[in-house]
>>> print(open('start.cif').read())   # mmCIF, C-alpha atoms
data_model
loop_
_atom_site.group_PDB
_atom_site.id
_atom_site.type_symbol
_atom_site.label_atom_id
_atom_site.label_comp_id
_atom_site.auth_asym_id
_atom_site.auth_seq_id
_atom_site.Cartn_x
_atom_site.Cartn_y
_atom_site.Cartn_z
ATOM 1 C CA MET H 697 -59.418 -30.049 -25.495
ATOM 2 C CA ASP H 698 -55.610 -29.978 -25.489
ATOM 3 C CA ALA H 699 -53.931 -27.528 -23.146
ATOM 4 C CA VAL H 700 -52.890 -24.497 -25.183
ATOM 5 C CA GLN H 701 -49.365 -24.724 -23.758
ATOM 6 C CA GLU H 702 -48.866 -28.007 -25.616
ATOM 7 C CA LEU H 703 -50.101 -26.891 -29.028
ATOM 8 C CA PRO H 704 -47.804 -25.841 -31.900
ATOM 9 C CA ASP H 705 -47.858 -22.220 -33.031
ATOM 10 C CA LYS H 706 -49.841 -22.838 -36.203
ATOM 11 C CA GLU H 707 -52.540 -24.690 -34.306
ATOM 12 C CA LEU H 708 -52.746 -21.863 -31.787
ATOM 13 C CA LEU H 709 -53.138 -19.274 -34.536
ATOM 14 C CA SER H 710 -55.782 -21.390 -36.246
ATOM 15 C CA ARG H 711 -57.715 -21.790 -33.003
ATOM 16 C CA HIS H 712 -57.491 -18.071 -32.350
ATOM 17 C CA ALA H 713 -58.919 -17.355 -35.807
ATOM 18 C CA GLN H 714 -61.776 -19.724 -34.949
ATOM 19 C CA GLY H 715 -62.573 -17.882 -31.735
ATOM 20 C CA ASP H 716 -60.500 -19.616 -29.038
ATOM 21 C CA ASP H 717 -60.013 -16.938 -26.382
ATOM 22 C CA GLN H 718 -56.843 -18.490 -24.913
ATOM 23 C CA ALA H 719 -54.816 -19.376 -27.987
ATOM 24 C CA PHE H 720 -53.506 -15.931 -28.851
ATOM 25 C CA GLY H 721 -52.437 -15.257 -25.290
ATOM 26 C CA GLU H 722 -50.200 -18.313 -25.446
ATOM 27 C CA LEU H 723 -48.627 -17.052 -28.673
ATOM 28 C CA VAL H 724 -47.902 -13.729 -26.997
ATOM 29 C CA ARG H 725 -46.324 -15.504 -24.034
ATOM 30 C CA ARG H 726 -44.073 -17.568 -26.311
ATOM 31 C CA HIS H 727 -42.875 -14.834 -28.633
ATOM 32 C CA ARG H 728 -43.125 -11.548 -26.778
ATOM 33 C CA GLU H 729 -39.594 -11.556 -25.343
ATOM 34 C CA ARG H 730 -37.838 -12.064 -28.658
ATOM 35 C CA MET H 731 -40.137 -9.654 -30.492
ATOM 36 C CA TRP H 732 -39.431 -7.067 -27.798
ATOM 37 C CA ALA H 733 -35.694 -7.660 -28.261
ATOM 38 C CA VAL H 734 -36.041 -6.898 -31.965
ATOM 39 C CA ALA H 735 -38.132 -3.781 -31.360
ATOM 40 C CA ILE H 736 -35.842 -2.285 -28.710
ATOM 41 C CA ARG H 737 -32.735 -2.838 -30.824
ATOM 42 C CA VAL H 738 -34.347 -1.383 -33.924
ATOM 43 C CA LEU H 739 -35.901 1.656 -32.282
ATOM 44 C CA GLY H 740 -33.511 2.305 -29.386
ATOM 45 C CA ASP H 741 -36.282 3.738 -27.225
ATOM 46 C CA SER H 742 -38.285 1.704 -24.732
ATOM 47 C CA GLU H 743 -41.489 3.703 -25.148
ATOM 48 C CA GLU H 744 -41.355 3.527 -28.941
ATOM 49 C CA ALA H 745 -40.514 -0.172 -28.803
ATOM 50 C CA SER H 746 -43.389 -0.873 -26.435
ATOM 51 C CA ASP H 747 -45.814 0.961 -28.712
ATOM 52 C CA ALA H 748 -44.490 -0.864 -31.778
ATOM 53 C CA LEU H 749 -44.850 -4.215 -30.026
ATOM 54 C CA GLN H 750 -48.402 -3.387 -29.009
ATOM 55 C CA ASP H 751 -49.206 -2.350 -32.589
ATOM 56 C CA ALA H 752 -47.689 -5.589 -33.875
ATOM 57 C CA PHE H 753 -49.667 -7.858 -31.580
ATOM 58 C CA LEU H 754 -52.866 -5.954 -32.324
ATOM 59 C CA SER H 755 -52.220 -6.359 -36.047
ATOM 60 C CA ALA H 756 -51.515 -10.069 -35.594
ATOM 61 C CA PHE H 757 -54.628 -10.489 -33.426
ATOM 62 C CA ARG H 758 -56.824 -8.921 -36.079
ATOM 63 C CA GLY H 759 -55.071 -10.478 -39.069
ATOM 64 C CA ALA H 760 -54.719 -14.086 -37.959
ATOM 65 C CA HIS H 761 -57.232 -15.223 -40.569
ATOM 66 C CA ARG H 762 -54.864 -13.962 -43.286
ATOM 67 C CA PHE H 763 -52.010 -16.242 -42.212
ATOM 68 C CA ARG H 764 -51.481 -18.680 -45.092
ATOM 69 C CA GLY H 765 -49.199 -21.123 -43.318
ATOM 70 C CA GLU H 766 -46.361 -20.763 -45.830
ATOM 71 C CA ALA H 767 -43.947 -19.514 -43.157
ATOM 72 C CA GLN H 768 -43.427 -20.238 -39.496
ATOM 73 C CA VAL H 769 -45.724 -18.318 -37.177
ATOM 74 C CA SER H 770 -42.640 -16.866 -35.476
ATOM 75 C CA THR H 771 -41.431 -15.520 -38.844
ATOM 76 C CA TRP H 772 -44.847 -14.039 -39.528
ATOM 77 C CA LEU H 773 -44.923 -12.353 -36.118
ATOM 78 C CA HIS H 774 -41.415 -10.984 -36.519
ATOM 79 C CA ARG H 775 -42.324 -9.587 -39.927
ATOM 80 C CA ILE H 776 -45.249 -7.783 -38.328
ATOM 81 C CA VAL H 777 -43.150 -6.261 -35.544
ATOM 82 C CA ILE H 778 -40.464 -5.258 -38.066
ATOM 83 C CA ASN H 779 -43.141 -3.495 -40.119
ATOM 84 C CA ALA H 780 -44.448 -1.755 -37.009
ATOM 85 C CA CYS H 781 -40.933 -0.555 -36.188
ATOM 86 C CA HIS H 782 -40.371 0.529 -39.764
ATOM 87 C CA ASP H 783 -43.525 2.643 -39.699
ATOM 88 C CA ARG H 784 -42.185 4.505 -36.671
ATOM 89 C CA MET H 785 -38.677 4.844 -38.073
ATOM 90 C CA ARG H 786 -39.915 6.445 -41.286
ATOM 91 C CA ARG H 787 -41.248 9.370 -39.301
ATOM 92 C CA LYS H 788 -37.939 10.345 -37.763
ATOM 93 C CA MET H 789 -35.079 8.594 -39.524
ATOM 94 C CA VAL H 790 -31.855 10.532 -40.067
ATOM 95 C CA ARG H 791 -29.826 9.300 -43.005
ATOM 96 C CA PRO H 792 -26.305 10.746 -43.227
ATOM 97 C CA ALA H 793 -24.000 9.394 -45.890
ATOM 98 C CA VAL H 794 -20.856 8.004 -44.290
ATOM 99 C CA PRO H 795 -19.073 5.683 -46.741
ATOM 100 C CA THR H 796 -16.190 3.610 -45.386
ATOM 101 C CA ASP H 797 -14.830 0.087 -45.431
ATOM 102 C CA ASP H 798 -16.556 -3.035 -44.103
ATOM 103 C CA ALA H 799 -15.280 -3.983 -40.620
ATOM 104 C CA THR H 800 -18.158 -3.438 -38.223
ATOM 105 C CA LEU H 801 -19.443 -7.001 -37.854
ATOM 106 C CA ASP H 802 -16.775 -7.632 -35.203
ATOM 107 C CA VAL H 803 -18.180 -4.871 -33.016
ATOM 108 C CA LEU H 804 -21.802 -5.964 -33.311
ATOM 109 C CA SER H 805 -21.149 -9.673 -32.876
ATOM 110 C CA ASN H 806 -18.738 -9.049 -29.995
ATOM 111 C CA GLU H 807 -21.325 -6.925 -28.230
ATOM 112 C CA ARG H 808 -23.790 -9.796 -28.498
ATOM 113 C CA ALA H 809 -21.208 -12.402 -27.464
ATOM 114 C CA LYS H 810 -20.229 -10.388 -24.393
ATOM 115 C CA GLY H 811 -23.843 -9.959 -23.405
ATOM 116 C CA ILE H 812 -23.782 -6.230 -24.137
ATOM 117 C CA THR H 813 -27.196 -5.645 -25.611
ATOM 118 C CA PRO H 814 -27.950 -2.268 -27.151
ATOM 119 C CA ASP H 815 -30.877 -1.633 -24.852
ATOM 120 C CA PRO H 816 -31.349 1.984 -23.753
ATOM 121 C CA THR H 817 -32.658 0.806 -20.406
ATOM 122 C CA GLY H 818 -29.144 -0.468 -19.649
ATOM 123 C CA ARG H 819 -26.217 1.648 -18.580
ATOM 124 C CA SER H 820 -23.482 0.322 -20.880
ATOM 125 C CA ASP H 821 -21.625 3.114 -22.649
ATOM 126 C CA SER H 822 -20.888 0.802 -25.566
ATOM 127 C CA ALA H 823 -24.564 -0.134 -25.852
ATOM 128 C CA MET H 824 -25.494 3.527 -26.071
ATOM 129 C CA ASP H 825 -22.775 4.040 -28.696
ATOM 130 C CA VAL H 826 -24.212 1.195 -30.773
ATOM 131 C CA HIS H 827 -27.707 2.674 -30.539
ATOM 132 C CA ALA H 828 -26.529 6.133 -31.506
ATOM 133 C CA ALA H 829 -24.675 4.694 -34.493
ATOM 134 C CA LEU H 830 -27.622 2.556 -35.608
ATOM 135 C CA ALA H 831 -29.855 5.613 -35.538
ATOM 136 C CA ARG H 832 -27.742 7.061 -38.367
ATOM 137 C CA LEU H 833 -28.496 4.210 -40.749
ATOM 138 C CA PRO H 834 -31.207 4.002 -43.395
ATOM 139 C CA ALA H 835 -34.088 1.925 -42.081
ATOM 140 C CA GLU H 836 -33.526 -1.100 -44.315
ATOM 141 C CA GLN H 837 -29.870 -1.371 -43.310
ATOM 142 C CA ARG H 838 -30.642 -1.042 -39.620
ATOM 143 C CA LEU H 839 -33.296 -3.762 -39.796
ATOM 144 C CA ALA H 840 -30.960 -6.171 -41.565
ATOM 145 C CA LEU H 841 -28.117 -5.580 -39.107
ATOM 146 C CA VAL H 842 -30.346 -5.984 -36.074
ATOM 147 C CA LEU H 843 -31.682 -9.319 -37.283
ATOM 148 C CA VAL H 844 -28.396 -10.806 -38.538
ATOM 149 C CA ASP H 845 -25.643 -9.294 -36.395
ATOM 150 C CA MET H 846 -27.482 -8.638 -33.127
ATOM 151 C CA MET H 847 -30.260 -11.193 -32.971
ATOM 152 C CA GLY H 848 -28.243 -13.942 -34.634
ATOM 153 C CA TYR H 849 -30.660 -14.854 -37.411
ATOM 154 C CA ARG H 850 -29.251 -16.577 -40.465
ATOM 155 C CA VAL H 851 -29.318 -14.488 -43.624
ATOM 156 C CA ASP H 852 -32.062 -16.666 -45.124
ATOM 157 C CA GLU H 853 -34.163 -16.309 -41.962
ATOM 158 C CA ALA H 854 -33.738 -12.536 -41.978
ATOM 159 C CA ALA H 855 -34.638 -12.485 -45.665
ATOM 160 C CA GLU H 856 -37.862 -14.330 -44.944
ATOM 161 C CA ILE H 857 -38.738 -11.960 -42.107
ATOM 162 C CA LEU H 858 -37.970 -8.892 -44.219
ATOM 163 C CA ASP H 859 -39.617 -10.453 -47.289
ATOM 164 C CA VAL H 860 -36.622 -9.799 -49.533
ATOM 165 C CA ALA H 861 -33.974 -11.922 -51.250
ATOM 166 C CA SER H 862 -31.032 -13.269 -49.258
ATOM 167 C CA GLY H 863 -28.657 -11.318 -51.477
ATOM 168 C CA THR H 864 -30.483 -8.130 -50.556
ATOM 169 C CA VAL H 865 -29.985 -8.840 -46.859
ATOM 170 C CA LYS H 866 -26.273 -9.464 -47.417
ATOM 171 C CA SER H 867 -25.937 -6.210 -49.345
ATOM 172 C CA ARG H 868 -27.803 -4.200 -46.703
ATOM 173 C CA CYS H 869 -25.687 -5.685 -43.922
ATOM 174 C CA ALA H 870 -22.449 -4.915 -45.757
ATOM 175 C CA ARG H 871 -23.465 -1.335 -46.448
ATOM 176 C CA GLY H 872 -24.723 -0.869 -42.904
ATOM 177 C CA ARG H 873 -21.509 -2.175 -41.369
ATOM 178 C CA ALA H 874 -19.494 0.146 -43.577
ATOM 179 C CA ARG H 875 -21.554 3.152 -42.503
ATOM 180 C CA LEU H 876 -21.261 2.192 -38.838
ATOM 181 C CA LEU H 877 -17.516 1.726 -38.738
ATOM 182 C CA PRO H 878 -16.492 5.357 -38.065
ATOM 183 C CA TYR H 879 -18.830 5.486 -35.082
ATOM 184 C CA LEU H 880 -17.890 2.121 -33.565
ATOM 185 C CA ALA H 881 -14.203 1.716 -34.365
ATOM 186 C CA HIS H 882 -13.241 2.717 -30.816
ATOM 187 C CA LEU H 883 -15.145 -0.315 -29.479
ATOM 188 C CA ARG H 884 -13.111 -2.814 -31.491
ATOM 189 C CA ASN H 885 -9.857 -2.119 -29.610
ATOM 190 C CA PRO H 886 -10.279 0.198 -26.623
ATOM 191 C CA GLU H 887 -6.608 -0.306 -25.715
ATOM 192 C CA ARG H 888 -5.684 1.850 -28.703
ATOM 193 C CA SER H 889 -7.329 4.856 -27.074
ATOM 194 C CA ARG H 890 -4.713 5.069 -24.324
ATOM 195 C CA ASP H 891 -2.450 8.099 -24.017
ATOM 196 C CA VAL H 892 0.214 8.002 -26.715
ATOM 197 C CA THR H 893 2.742 9.454 -24.257
ATOM 198 C CA SER H 894 3.483 5.954 -22.982
ATOM 199 C CA PRO H 895 6.988 4.456 -22.669
ATOM 200 C CA ARG H 896 6.457 2.884 -26.117
ATOM 201 C CA GLY H 897 5.726 6.220 -27.735
ATOM 202 C CA GLY H 898 8.847 8.151 -26.776
ATOM 203 C CA ASP H 899 11.986 7.071 -24.975
ATOM 204 C CA ARG H 900 12.516 3.421 -25.941
ATOM 205 C CA ARG H 901 15.334 2.849 -23.455
ATOM 206 C CA SER H 902 14.758 0.115 -20.885
#
>>> encode(input="start.cif", output="structure tokens")
Amino acid sequence: MDAVQELPDKELLSRHAQGDDQAFGELVRRHRERMWAVAIRVLGDSEEASDALQDAFLSAFRGAHRFRGEAQVSTWLHRIVINACHDRMRRKMVRPAVPTDDATLDVLSNERAKGITPDPTGRSDSAMDVHAALARLPAEQRLALVLVDMMGYRVDEAAEILDVASGTVKSRCARGRARLLPYLAHLRNPERSRDVTSPRGGDRRS
């Protein structure tokens, strides 16, 4: 028998469905870190994220026989963890209406590029600001932004995970960024927050 570490995801899932007691553990090892990253960014709470991840893997463990092979196993697993997060979000989501213009992608992508992950276990003030702002979004907009702007998925990949059209993902991202802007504008250019009583703001003499 091939070592499970060398088998592709679909073969592992098939073997698990047939009773292999090692195959699913290898799938967990391969995908847990990225699924955790999605859950913690969506939920913003380590305990909630841990519970959602556990629910997702339990659902995948029990439902492996329903996998039809039309998508990648990683996509299927991410869809399950997104659904688990969504179930938890529905119970406590706050949805204020804050219309504004679309300019928030810079903040989210810059946070990712600088290695500032919105993980509540960290101590970054900007990360906590991002989490607090995300918590104000409708669930579908938050999920789309997390996948595209924070996790770096292409729109078509996010659409497959969310099981919606690519255009729907684009629309949700645009609306989410617009709603986030008032809460994250200070992160785009922190220099602007300096005291206005600077030499440039009053006496212009050299």
>>> axis_aligned_box(input="start.cif", around="stretch 851-857 of chain H", padding_each_side="5 Å", output="AutoDock Vina command-line options")
--center_x -34.0 --center_y -14.3 --center_z -43.8 --size_x 19.4 --size_y 14.7 --size_z 13.7
>>> closest_residue(input="start.cif", among="H:Ala713, H:Ala735, H:Val724, H:Leu773", to="H:Arg758", atoms="only C-alpha atoms")
H:Ala713
>>> closest_residue(input="start.cif", among="H:Ala760, H:Ala748, H:Val734, H:Leu709", to="H:Val844", atoms="all atoms listed in the file")
H:Val734
>>> resolve_selection(input="start.cif", expression="the PyMOL selection byres ((chain H and resi 785) around 10)", output="ChimeraX atom specification")
/H:738-739,744,779-784,786-790,831,834-835
>>> closest_residue(input="start.cif", among="H:Leu830, H:Leu876, H:Ala855, H:Cys869", to="H:Gly740", atoms="all atoms listed in the file")
H:Leu830
>>> atom_distance(input="start.cif", atom1="atom CA of H:Leu723", atom2="atom CA of H:Leu708")
7.1 Å
>>> atom_distance(input="start.cif", atom1="atom CA of H:Ala874", atom2="atom CA of H:Arg730")
26.6 Å
>>> residues_around(input="start.cif", residues="H:Gly872", least_positions_apart="5", cutoff="9 Å", atoms="all atoms listed in the file", output="PyMOL selection string")
chain H and resi 798+800+830+833-834+836-838+840-841+867+877
>>> residues_around(input="start.cif", residues="H:Leu703", least_positions_apart="4", cutoff="12 Å", atoms="only C-alpha atoms", output="ChimeraX atom specification")
/H:697-699,707-712,718-720,722-723,726
>>> resolve_selection(input="start.cif", expression="the PyMOL selection byres ((chain H and resi 849) around 12)", output="PyMOL selection string")
chain H and resi 730+734+771+774+805+839-848+850-858+862+865
>>> atom_distance(input="start.cif", atom1="atom CA of H:Val769", atom2="atom CA of H:Asp705")
6.1 Å
>>> resolve_selection(input="start.cif", expression="the PyMOL selection byres ((chain H and resi 749) around 8)", output="list in words")
Met731, Trp732, Ala735, Ala745, Ser746, Asp747, Ala748, Gln750, Asp751, Ala752, Phe753, Val777 and Ala780 of chain H
>>> closest_residue(input="start.cif", among="H:Lys706, H:Arg873, H:Ala733, H:Gly721", to="H:Gly765", atoms="only C-alpha atoms")
H:Lys706
>>> closest_residue(input="start.cif", among="H:Tyr879, H:Ser770, H:Glu729, H:Arg832", to="H:Pro704", atoms="all atoms listed in the file")
H:Ser770
>>> decode(input="start.cif", residues="stretch 748-777 of chain H", atoms="N, CA, C and O atoms", output="tab-separated table (two decimals), in the first residue's frame")
chain	number	residue	atom	x	y	z
H	748	ALA	N	-15.61	26.00	14.99
H	748	ALA	CA	-16.06	25.91	13.60
H	748	ALA	C	-15.19	24.93	12.82
H	748	ALA	O	-15.70	24.15	12.00
H	749	LEU	N	-13.88	24.97	13.06
H	749	LEU	CA	-12.98	24.06	12.37
H	749	LEU	C	-13.26	22.61	12.76
H	749	LEU	O	-13.27	21.71	11.90
H	750	GLN	N	-13.51	22.39	14.04
H	750	GLN	CA	-13.84	21.05	14.49
H	750	GLN	C	-15.15	20.56	13.86
H	750	GLN	O	-15.25	19.41	13.40
H	751	ASP	N	-16.15	21.45	13.80
H	751	ASP	CA	-17.41	21.11	13.16
H	751	ASP	C	-17.19	20.76	11.69
H	751	ASP	O	-17.80	19.82	11.16
H	752	ALA	N	-16.33	21.54	11.03
H	752	ALA	CA	-16.09	21.33	9.60
H	752	ALA	C	-15.43	19.98	9.35
H	752	ALA	O	-15.84	19.24	8.44
H	753	PHE	N	-14.42	19.66	10.11
H	753	PHE	CA	-13.74	18.38	9.90
H	753	PHE	C	-14.65	17.20	10.25
H	753	PHE	O	-14.60	16.16	9.60
H	754	LEU	N	-15.49	17.37	11.26
H	754	LEU	CA	-16.42	16.31	11.60
H	754	LEU	C	-17.42	16.10	10.46
H	754	LEU	O	-17.74	14.96	10.09
H	755	SER	N	-17.90	17.21	9.90
H	755	SER	CA	-18.82	17.13	8.76
H	755	SER	C	-18.16	16.47	7.56
H	755	SER	O	-18.76	15.63	6.88
H	756	ALA	N	-16.91	16.85	7.29
H	756	ALA	CA	-16.18	16.24	6.18
H	756	ALA	C	-15.93	14.75	6.42
H	756	ALA	O	-16.04	13.93	5.50
H	757	PHE	N	-15.58	14.41	7.66
H	757	PHE	CA	-15.33	13.01	8.02
H	757	PHE	C	-16.56	12.15	7.75
H	757	PHE	O	-16.47	11.06	7.19
H	758	ARG	N	-17.71	12.68	8.15
H	758	ARG	CA	-18.95	11.91	8.01
H	758	ARG	C	-19.50	11.95	6.59
H	758	ARG	O	-20.23	11.04	6.18
H	759	GLY	N	-19.17	13.03	5.84
H	759	GLY	CA	-19.78	13.21	4.53
H	759	GLY	C	-18.88	12.91	3.36
H	759	GLY	O	-19.21	13.26	2.23
H	760	ALA	N	-17.76	12.24	3.61
H	760	ALA	CA	-16.81	11.97	2.52
H	760	ALA	C	-17.44	11.18	1.38
H	760	ALA	O	-17.09	11.39	0.21
H	761	HIS	N	-18.39	10.32	1.68
H	761	HIS	CA	-19.00	9.50	0.64
H	761	HIS	C	-19.86	10.33	-0.31
H	761	HIS	O	-20.21	9.88	-1.40
H	762	ARG	N	-20.18	11.59	0.10
H	762	ARG	CA	-20.99	12.45	-0.76
H	762	ARG	C	-20.14	13.31	-1.69
H	762	ARG	O	-20.68	14.03	-2.54
H	763	PHE	N	-18.83	13.25	-1.55
H	763	PHE	CA	-17.95	14.03	-2.43
H	763	PHE	C	-18.02	13.45	-3.84
H	763	PHE	O	-17.75	12.28	-4.06
H	764	ARG	N	-18.39	14.31	-4.81
H	764	ARG	CA	-18.62	13.84	-6.18
H	764	ARG	C	-17.39	13.98	-7.07
H	764	ARG	O	-17.40	13.53	-8.22
H	765	GLY	N	-16.36	14.63	-6.60
H	765	GLY	CA	-15.15	14.76	-7.39
H	765	GLY	C	-15.18	15.84	-8.43
H	765	GLY	O	-14.27	15.95	-9.26
H	766	GLU	N	-16.22	16.70	-8.43
H	766	GLU	CA	-16.32	17.75	-9.43
H	766	GLU	C	-15.43	18.95	-9.10
H	766	GLU	O	-15.13	19.76	-9.97
H	767	ALA	N	-15.05	19.08	-7.84
H	767	ALA	CA	-14.18	20.16	-7.40
H	767	ALA	C	-12.94	19.56	-6.75
H	767	ALA	O	-12.85	18.35	-6.52
H	768	GLN	N	-11.96	20.41	-6.47
H	768	GLN	CA	-10.81	19.96	-5.71
H	768	GLN	C	-11.24	19.65	-4.28
H	768	GLN	O	-12.16	20.28	-3.75
H	769	VAL	N	-10.57	18.71	-3.66
H	769	VAL	CA	-10.87	18.39	-2.27
H	769	VAL	C	-10.66	19.62	-1.39
H	769	VAL	O	-11.44	19.88	-0.46
H	770	SER	N	-9.62	20.40	-1.68
H	770	SER	CA	-9.36	21.60	-0.88
H	770	SER	C	-10.53	22.58	-0.99
H	770	SER	O	-10.92	23.20	0.02
H	771	THR	N	-11.11	22.72	-2.17
H	771	THR	CA	-12.27	23.59	-2.35
H	771	THR	C	-13.45	23.07	-1.55
H	771	THR	O	-14.16	23.84	-0.88
H	772	TRP	N	-13.67	21.79	-1.61
H	772	TRP	CA	-14.75	21.15	-0.87
H	772	TRP	C	-14.59	21.36	0.63
H	772	TRP	O	-15.55	21.72	1.33
H	773	LEU	N	-13.37	21.19	1.13
H	773	LEU	CA	-13.12	21.39	2.56
H	773	LEU	C	-13.31	22.84	2.97
H	773	LEU	O	-13.87	23.14	4.03
H	774	HIS	N	-12.85	23.76	2.12
H	774	HIS	CA	-13.02	25.17	2.44
H	774	HIS	C	-14.49	25.58	2.42
H	774	HIS	O	-14.92	26.41	3.21
H	775	ARG	N	-15.26	24.99	1.52
H	775	ARG	CA	-16.70	25.26	1.51
H	775	ARG	C	-17.34	24.80	2.80
H	775	ARG	O	-18.22	25.48	3.36
H	776	ILE	N	-16.89	23.67	3.31
H	776	ILE	CA	-17.45	23.15	4.56
H	776	ILE	C	-17.10	24.05	5.73
H	776	ILE	O	-17.95	24.34	6.59
H	777	VAL	N	-15.85	24.51	5.81
H	777	VAL	CA	-15.48	25.37	6.93
H	777	VAL	C	-16.15	26.73	6.81
H	777	VAL	O	-16.54	27.34	7.83
